[in-house]
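See below for work-v2.cif, which holds mmCIF, C-alpha atoms.
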data_query
loop_
_atom_site.group_PDB
_atom_site.id
_atom_site.type_symbol
_atom_site.label_atom_id
_atom_site.label_comp_id
_atom_site.auth_asym_id
_atom_site.auth_seq_id
_atom_site.Cartn_x
_atom_site.Cartn_y
_atom_site.Cartn_z
ATOM 1 C CA MET A 286 0.000 0.000 0.000
ATOM 2 C CA THR A 287 1.636 3.247 -1.121
ATOM 3 C CA THR A 288 0.161 6.654 -0.449
ATOM 4 C CA ALA A 289 1.035 9.682 -2.526
ATOM 5 C CA PRO A 290 -0.024 12.790 -0.582
ATOM 6 C CA LEU A 291 2.976 12.887 1.753
ATOM 7 C CA SER A 292 6.306 14.398 0.724
ATOM 8 C CA LEU A 293 8.239 11.105 0.442
ATOM 9 C CA GLU A 294 7.150 7.823 -1.153
ATOM 10 C CA HIS A 295 6.691 5.061 1.383
ATOM 11 C CA LEU A 296 5.185 1.710 2.312
ATOM 12 C CA ILE A 297 3.140 1.312 5.454
ATOM 13 C CA ARG A 298 2.131 -1.570 7.709
ATOM 14 C CA PRO A 299 -0.602 -0.359 10.077
ATOM 15 C CA SER A 300 -0.434 -1.018 13.795
ATOM 16 C CA SER A 301 -2.540 -3.804 15.306
ATOM 17 C CA LEU A 302 -3.858 -1.363 17.932
ATOM 18 C CA LYS A 303 -7.575 -0.657 17.613
ATOM 19 C CA GLU A 304 -7.653 2.488 19.711
ATOM 20 C CA GLY A 305 -5.298 5.267 20.749
ATOM 21 C CA LYS A 306 -2.249 6.526 18.887
ATOM 22 C CA ALA A 307 0.146 3.799 17.796
ATOM 23 C CA PRO A 308 3.913 3.926 18.240
ATOM 24 C CA VAL A 309 5.707 4.167 14.898
ATOM 25 C CA LEU A 310 8.900 2.809 13.350
ATOM 26 C CA PHE A 311 10.316 4.619 10.308
ATOM 27 C CA MET A 312 12.770 2.721 8.074
ATOM 28 C CA PHE A 313 15.473 4.366 5.942
ATOM 29 C CA HIS A 314 17.235 2.195 3.354
ATOM 30 C CA GLY A 315 20.809 2.282 2.092
ATOM 31 C CA TYR A 316 22.362 3.838 -1.029
ATOM 32 C CA GLY A 317 21.025 2.347 -4.258
ATOM 33 C CA SER A 318 18.133 0.512 -2.611
ATOM 34 C CA ASN A 319 14.470 1.435 -2.087
ATOM 35 C CA GLU A 320 11.628 1.338 0.423
ATOM 36 C CA GLU A 321 10.928 -2.373 -0.186
ATOM 37 C CA ASP A 322 14.320 -3.483 1.152
ATOM 38 C CA LEU A 323 13.987 -3.048 4.927
ATOM 39 C CA PHE A 324 10.202 -3.475 4.737
ATOM 40 C CA SER A 325 10.867 -7.231 4.587
ATOM 41 C CA PHE A 326 11.619 -6.979 8.341
ATOM 42 C CA ALA A 327 8.146 -5.615 9.068
ATOM 43 C CA GLN A 328 6.302 -8.909 9.508
ATOM 44 C CA GLU A 329 8.794 -10.001 12.187
ATOM 45 C CA LEU A 330 8.556 -6.833 14.289
ATOM 46 C CA PRO A 331 6.063 -6.059 17.099
ATOM 47 C CA GLU A 332 2.502 -5.817 15.810
ATOM 48 C CA GLU A 333 1.629 -2.729 17.832
ATOM 49 C CA LEU A 334 4.130 -0.720 15.790
ATOM 50 C CA CYS A 335 2.978 1.130 12.720
ATOM 51 C CA ILE A 336 5.877 0.589 10.297
ATOM 52 C CA ILE A 337 6.638 3.102 7.554
ATOM 53 C CA SER A 338 9.449 2.344 5.111
ATOM 54 C CA VAL A 339 10.565 5.466 3.267
ATOM 55 C CA ARG A 340 12.075 5.933 -0.205
ATOM 56 C CA ALA A 341 15.065 8.280 -0.462
ATOM 57 C CA PRO A 342 14.473 11.388 -2.619
ATOM 58 C CA TYR A 343 17.283 11.091 -5.202
ATOM 59 C CA PRO A 344 16.868 8.528 -8.020
ATOM 60 C CA LEU A 345 19.969 6.713 -9.270
ATOM 61 C CA GLU A 346 20.713 5.209 -12.691
ATOM 62 C CA PRO A 347 19.783 2.551 -13.662
ATOM 63 C CA PHE A 348 17.722 1.910 -10.509
ATOM 64 C CA GLY A 349 17.518 2.570 -6.782
ATOM 65 C CA TYR A 350 17.549 5.741 -4.695
ATOM 66 C CA ALA A 351 19.937 7.688 -2.470
ATOM 67 C CA TRP A 352 19.678 10.085 0.454
ATOM 68 C CA TYR A 353 22.666 11.953 -0.980
ATOM 69 C CA ALA A 354 25.169 11.587 -3.793
ATOM 70 C CA ILE A 355 28.396 9.634 -3.390
ATOM 71 C CA ASN A 356 31.159 10.275 -5.904
ATOM 72 C CA PHE A 357 33.072 7.005 -6.174
ATOM 73 C CA ASP A 358 35.623 8.475 -8.628
ATOM 74 C CA ALA A 359 36.904 11.210 -6.324
ATOM 75 C CA GLN A 360 40.697 11.402 -6.159
ATOM 76 C CA GLN A 361 40.779 11.137 -2.371
ATOM 77 C CA GLY A 362 38.512 8.111 -2.382
ATOM 78 C CA LYS A 363 34.740 8.271 -1.974
ATOM 79 C CA TRP A 364 33.261 11.741 -1.519
ATOM 80 C CA SER A 365 29.816 12.413 -0.054
ATOM 81 C CA ASP A 366 27.574 15.389 -0.783
ATOM 82 C CA ASP A 367 27.037 16.693 2.758
ATOM 83 C CA GLU A 368 24.713 19.495 1.623
ATOM 84 C CA GLN A 369 22.377 16.941 0.019
ATOM 85 C CA ALA A 370 22.629 14.871 3.190
ATOM 86 C CA LYS A 371 21.572 17.851 5.335
ATOM 87 C CA SER A 372 18.662 18.456 2.981
ATOM 88 C CA SER A 373 17.590 14.809 3.349
ATOM 89 C CA ARG A 374 17.977 15.077 7.132
ATOM 90 C CA ASP A 375 15.452 17.910 7.195
ATOM 91 C CA LYS A 376 13.163 16.179 4.668
ATOM 92 C CA ILE A 377 13.046 13.179 7.006
ATOM 93 C CA VAL A 378 12.198 15.363 10.028
ATOM 94 C CA ALA A 379 9.375 17.053 8.087
ATOM 95 C CA PHE A 380 8.115 13.674 6.832
ATOM 96 C CA ILE A 381 8.015 12.238 10.369
ATOM 97 C CA ASP A 382 5.828 15.165 11.468
ATOM 98 C CA GLU A 383 3.604 14.785 8.382
ATOM 99 C CA ALA A 384 3.182 11.037 8.793
ATOM 100 C CA CYS A 385 2.396 11.256 12.524
ATOM 101 C CA ALA A 386 -0.309 13.825 11.783
ATOM 102 C CA THR A 387 -1.722 12.065 8.708
ATOM 103 C CA TYR A 388 -1.846 8.553 10.194
ATOM 104 C CA VAL A 389 -2.643 9.745 13.764
ATOM 105 C CA LEU A 390 0.488 8.197 15.280
ATOM 106 C CA ASP A 391 2.105 8.771 18.669
ATOM 107 C CA ALA A 392 4.723 11.482 18.073
ATOM 108 C CA GLU A 393 6.127 10.733 21.552
ATOM 109 C CA ARG A 394 7.002 7.165 20.533
ATOM 110 C CA VAL A 395 8.946 7.476 17.292
ATOM 111 C CA THR A 396 11.630 4.901 16.456
ATOM 112 C CA ILE A 397 13.860 5.218 13.402
ATOM 113 C CA LEU A 398 15.760 2.330 11.843
ATOM 114 C CA GLY A 399 18.401 2.780 9.178
ATOM 115 C CA PHE A 400 20.814 0.683 7.177
ATOM 116 C CA SER A 401 24.113 2.068 5.839
ATOM 117 C CA GLN A 402 23.371 5.504 4.309
ATOM 118 C CA GLY A 403 19.972 5.333 6.020
ATOM 119 C CA THR A 404 21.783 4.877 9.354
ATOM 120 C CA ILE A 405 24.004 7.908 8.713
ATOM 121 C CA LEU A 406 20.813 9.938 8.211
ATOM 122 C CA SER A 407 19.106 8.326 11.224
ATOM 123 C CA TYR A 408 21.999 9.355 13.470
ATOM 124 C CA ALA A 409 21.883 12.883 12.024
ATOM 125 C CA VAL A 410 18.126 13.193 12.605
ATOM 126 C CA ALA A 411 18.162 11.801 16.151
ATOM 127 C CA ILE A 412 21.228 13.692 17.387
ATOM 128 C CA SER A 413 20.085 16.947 15.741
ATOM 129 C CA TYR A 414 16.432 16.629 16.843
ATOM 130 C CA PRO A 415 16.422 14.431 19.983
ATOM 131 C CA GLU A 416 13.080 15.897 21.069
ATOM 132 C CA LYS A 417 11.430 14.143 18.104
ATOM 133 C CA ILE A 418 12.983 10.660 18.371
ATOM 134 C CA LYS A 419 12.721 8.045 21.113
ATOM 135 C CA ASN A 420 14.754 5.139 19.707
ATOM 136 C CA VAL A 421 17.251 4.540 16.920
ATOM 137 C CA VAL A 422 18.309 1.223 15.383
ATOM 138 C CA ALA A 423 21.534 2.040 13.521
ATOM 139 C CA LEU A 424 22.665 -0.839 11.284
ATOM 140 C CA SER A 425 25.981 -0.785 9.381
ATOM 141 C CA GLY A 426 26.504 2.972 9.460
ATOM 142 C CA TYR A 427 28.418 5.699 11.278
ATOM 143 C CA ILE A 428 28.027 9.231 12.657
ATOM 144 C CA ASN A 429 28.932 11.943 10.131
ATOM 145 C CA GLU A 430 29.492 14.993 12.324
ATOM 146 C CA ALA A 431 29.460 17.278 9.255
ATOM 147 C CA ILE A 432 25.718 16.740 8.755
ATOM 148 C CA LEU A 433 24.609 17.287 12.356
ATOM 149 C CA LYS A 434 22.584 20.435 12.963
ATOM 150 C CA GLU A 435 24.509 23.327 14.431
ATOM 151 C CA GLY A 436 24.008 23.552 18.192
ATOM 152 C CA TYR A 437 23.133 19.863 18.645
ATOM 153 C CA GLN A 438 25.490 19.700 21.668
ATOM 154 C CA GLU A 439 23.185 22.061 23.574
ATOM 155 C CA LYS A 440 20.117 19.848 23.158
ATOM 156 C CA ASP A 441 18.738 17.418 25.743
ATOM 157 C CA HIS A 442 19.505 13.870 24.585
ATOM 158 C CA SER A 443 18.512 12.187 27.857
ATOM 159 C CA ASN A 444 15.386 10.482 26.457
ATOM 160 C CA LEU A 445 17.112 9.085 23.363
ATOM 161 C CA LYS A 446 18.117 5.420 23.151
ATOM 162 C CA ILE A 447 20.313 3.988 20.391
ATOM 163 C CA TYR A 448 21.104 0.442 19.299
ATOM 164 C CA ALA A 449 24.029 0.281 16.870
ATOM 165 C CA SER A 450 25.609 -2.694 15.129
ATOM 166 C CA HIS A 451 28.221 -3.343 12.474
ATOM 167 C CA GLY A 452 29.801 -6.185 10.542
ATOM 168 C CA GLN A 453 33.346 -7.035 11.594
ATOM 169 C CA VAL A 454 34.348 -7.605 7.961
ATOM 170 C CA ASP A 455 32.334 -4.788 6.357
ATOM 171 C CA GLN A 456 34.186 -3.712 3.192
ATOM 172 C CA VAL A 457 31.760 -0.843 2.409
ATOM 173 C CA ILE A 458 31.884 1.098 5.692
ATOM 174 C CA PRO A 459 35.002 0.258 7.748
ATOM 175 C CA PRO A 460 34.225 -1.026 11.268
ATOM 176 C CA GLU A 461 36.581 1.642 12.672
ATOM 177 C CA TRP A 462 34.158 4.339 11.499
ATOM 178 C CA ALA A 463 31.257 2.693 13.344
ATOM 179 C CA GLN A 464 33.386 2.052 16.434
ATOM 180 C CA LYS A 465 33.660 5.808 17.054
ATOM 181 C CA ALA A 466 29.918 5.987 17.821
ATOM 182 C CA PRO A 467 29.937 4.710 21.447
ATOM 183 C CA GLU A 468 32.396 7.378 22.660
ATOM 184 C CA PHE A 469 30.513 10.099 20.756
ATOM 185 C CA LEU A 470 27.152 8.979 22.202
ATOM 186 C CA LYS A 471 28.612 8.647 25.701
ATOM 187 C CA ASN A 472 29.793 12.270 25.559
ATOM 188 C CA LEU A 473 26.192 13.336 24.856
ATOM 189 C CA ASP A 474 24.876 11.092 27.670
ATOM 190 C CA ILE A 475 22.902 9.023 25.158
ATOM 191 C CA ASP A 476 21.850 5.573 26.375
ATOM 192 C CA HIS A 477 23.279 3.161 23.775
ATOM 193 C CA LEU A 478 24.251 -0.400 22.967
ATOM 194 C CA TYR A 479 26.891 -1.187 20.335
ATOM 195 C CA GLU A 480 27.443 -4.683 18.944
ATOM 196 C CA GLU A 481 29.484 -6.276 16.166
ATOM 197 C CA PHE A 482 28.809 -9.453 14.209
ATOM 198 C CA PRO A 483 31.067 -11.651 12.024
ATOM 199 C CA VAL A 484 29.545 -10.489 8.720
ATOM 200 C CA GLY A 485 30.162 -7.986 5.921
ATOM 201 C CA HIS A 486 27.872 -5.120 4.911
ATOM 202 C CA GLY A 487 24.570 -6.676 5.907
ATOM 203 C CA VAL A 488 22.334 -7.789 8.762
ATOM 204 C CA ALA A 489 23.002 -11.280 10.100
ATOM 205 C CA PRO A 490 20.093 -13.262 11.598
ATOM 206 C CA GLN A 491 21.615 -12.963 15.094
ATOM 207 C CA ASN A 492 21.919 -9.195 14.526
ATOM 208 C CA PHE A 493 18.227 -8.993 13.627
ATOM 209 C CA HIS A 494 17.193 -10.968 16.715
ATOM 210 C CA SER A 495 19.401 -8.820 18.913
ATOM 211 C CA PHE A 496 17.989 -5.473 17.784
ATOM 212 C CA LYS A 497 14.445 -6.876 17.802
ATOM 213 C CA LYS A 498 14.856 -7.931 21.452
ATOM 214 C CA TRP A 499 16.324 -4.505 22.296
ATOM 215 C CA LEU A 500 13.468 -2.730 20.527
ATOM 216 C CA GLU A 501 10.741 -4.779 22.215
ATOM 217 C CA GLY A 502 11.801 -3.343 25.556
ATOM 218 C CA LYS A 503 11.876 0.246 24.307
ATOM 219 C CA ILE A 504 8.626 0.820 22.368
#
Exercise: express the given structure as structure tokens:
Amino acid sequence: MTTAPLSLEHLIRPSSLKEGKAPVLFMFHGYGSNEEDLFSFAQELPEELCIISVRAPYPLEPFGYAWYAINFDAQQGKWSDDEQAKSSRDKIVAFIDEACATYVLDAERVTILGFSQGTILSYAVAISYPEKIKNVVALSGYINEAILKEGYQEKDHSNLKIYASHGQVDQVIPPEWAQKAPEFLKNLDIDHLYEEFPVGHGVAPQNFHSFKKWLEGKI
């Protein structure tokens, strides 16, 4: 079921709750993928959650979408368009507000889940706007400080909870990049759990079960 009126294309699995405002989980896919990718997790996640899987705004050739451009031919290695990333960060924040209003969801119980580029954006959204996000599931990504909103250090992050995981043999995003997250989050007094699994750039079954168990206690 896809709905057009909102600012970003998305798939939605309604909550099982019959009354009251449902908690919501937003999913943000990786570079070159689309909203169907992470949505495959939906049937395994708690039924009371409304799950909304979002398509990134920038189409790629020949297929797939991105939250921001990556230039793989740059002389100093890969180069990311941080201005596009900031734009996507703010598009996501606006979309969360829109979706909560449109689908009558509980804006006090918003979880965001990202993979790879979607995780980089999820970190940016949650750290920049901690008043809007309750939980983050950050899979195979890292914190890009260049796309955090100015003044984020002054915000209250005490209600934010983050689960982060990474593959020990990830050839796309080096584990060392992800390993910087715990110290960064600790300095902001953000409650977090960081785990690694013996996989590459992907989500192992044990990784899925681990974040699912973490999430079930945080909704």
With the PyMOL selection byres ((chain A and resi 417) around 8) as the selection, what would be picked from this file? Answer as JSON, numbers by chain, please.
{"A": [392, 393, 395, 411, 414, 415, 416, 418, 419]}
A:Ser372, A:Thr404, A:Asn492, A:Ser318 ranked by distance to Ala466 of chain A, top pick (using all atoms listed in the file):
A:Thr404
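The smallest atom-to-atom distance between Glu501 of chain A and any of A:Gln438, A:Gln456, A:Thr396, A:Asn429, using all atoms listed in the file, is found for A:Thr396.
Residues of protein, DNA and RNA with at least one atom no farther than 7 Å from (27.4, 8.3, 17.2) are, using only C-alpha atoms, Tyr408, Tyr427, Ile428, Lys465, Ala466, Pro467, Phe469 and Leu470 of chain A.
Residue membership of the PyMOL selection byres ((chain A and resi 295) around 7) in the shown file amounts to A:Thr287, A:Thr288, A:Leu293, A:Glu294, A:Leu296, A:Ile297, A:Glu320, A:Ile337, A:Ser338, A:Val339, A:Arg340.
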Gap from atom CA of Asp441 of chain A to atom CA of Glu368 of chain A - Å, one decimal
24.9 Å
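Picture a line from atom CA of Val457 of chain A to atom CA of Tyr343 of chain A; it runs 20.2 Å.
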Starting from the point (14.5, 21.0, 9.8), work out which residues of protein, DNA or RNA have an atom no more than 12 Å away when counting only C-alpha atoms; state them as a ChimeraX atom specification.
/A:371-382,409-411,413-414,417,433-435
Which residues, written as a tab-separated table (two decimals) with C-alpha atoms, in the frame of the given file, have at least one atom at most 10 Å from Leu345 of chain A, with only C-alpha atoms counted and residues fewer than 2 positions away on the same chain left out?
chain	number	residue	atom	x	y	z
A	316	TYR	CA	22.36	3.84	-1.03
A	317	GLY	CA	21.02	2.35	-4.26
A	318	SER	CA	18.13	0.51	-2.61
A	342	PRO	CA	14.47	11.39	-2.62
A	343	TYR	CA	17.28	11.09	-5.20
A	347	PRO	CA	19.78	2.55	-13.66
A	348	PHE	CA	17.72	1.91	-10.51
A	349	GLY	CA	17.52	2.57	-6.78
A	350	TYR	CA	17.55	5.74	-4.70
A	351	ALA	CA	19.94	7.69	-2.47
A	354	ALA	CA	25.17	11.59	-3.79
Could you tell me how far atom CA of Val389 of chain A lies from atom CA of Asn444 of chain A, in Å and to one decimal?
22.1 Å
Output of the PyMOL selection byres ((chain A and resi 445-452) around 9), listed as a VMD selection string:
chain A and resid 408 411 to 412 415 to 416 418 to 427 441 to 444 453 to 456 458 to 460 463 to 464 466 to 467 470 475 to 489 492 496 499 to 500 503
Write out as number ranges by chain the residues lying within 10 Å of Phe326 of chain A, counting all atoms listed in the file and excluding same-chain residues fewer than 5 positions away.
A: 312, 321, 336, 493, 497
Take the residues from that selection and write them out as an mmCIF file, in the frame of the given file, keeping C-alpha atoms.
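Okay, part02.cif is ready:
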data_model
loop_
_atom_site.group_PDB
_atom_site.id
_atom_site.type_symbol
_atom_site.label_atom_id
_atom_site.label_comp_id
_atom_site.auth_asym_id
_atom_site.auth_seq_id
_atom_site.Cartn_x
_atom_site.Cartn_y
_atom_site.Cartn_z
ATOM 1 C CA MET A 312 12.770 2.721 8.074
ATOM 2 C CA GLU A 321 10.928 -2.373 -0.186
ATOM 3 C CA ILE A 336 5.877 0.589 10.297
ATOM 4 C CA PHE A 493 18.227 -8.993 13.627
ATOM 5 C CA LYS A 497 14.445 -6.876 17.802
#
Counting all atoms listed in the file, the option among A:Ser407, A:Gln369, A:Ser292, A:Asn356 closest to His314 of chain A:
A:Ser407
Using only C-alpha atoms, which of A:Ala370, A:Ala431, A:Leu323, A:Ala341 sits nearest Gly399 of chain A?
A:Leu323
Using only C-alpha atoms, which residue out of A:Leu390, A:Leu302, A:Leu398, A:Ile405 lies closest to Phe324 of chain A?
A:Leu398
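The residue that comes closest to His494 of chain A, out of A:Phe311, A:Lys303, A:Leu330, A:Ile432 and on the basis of all atoms listed in the file, is A:Leu330.
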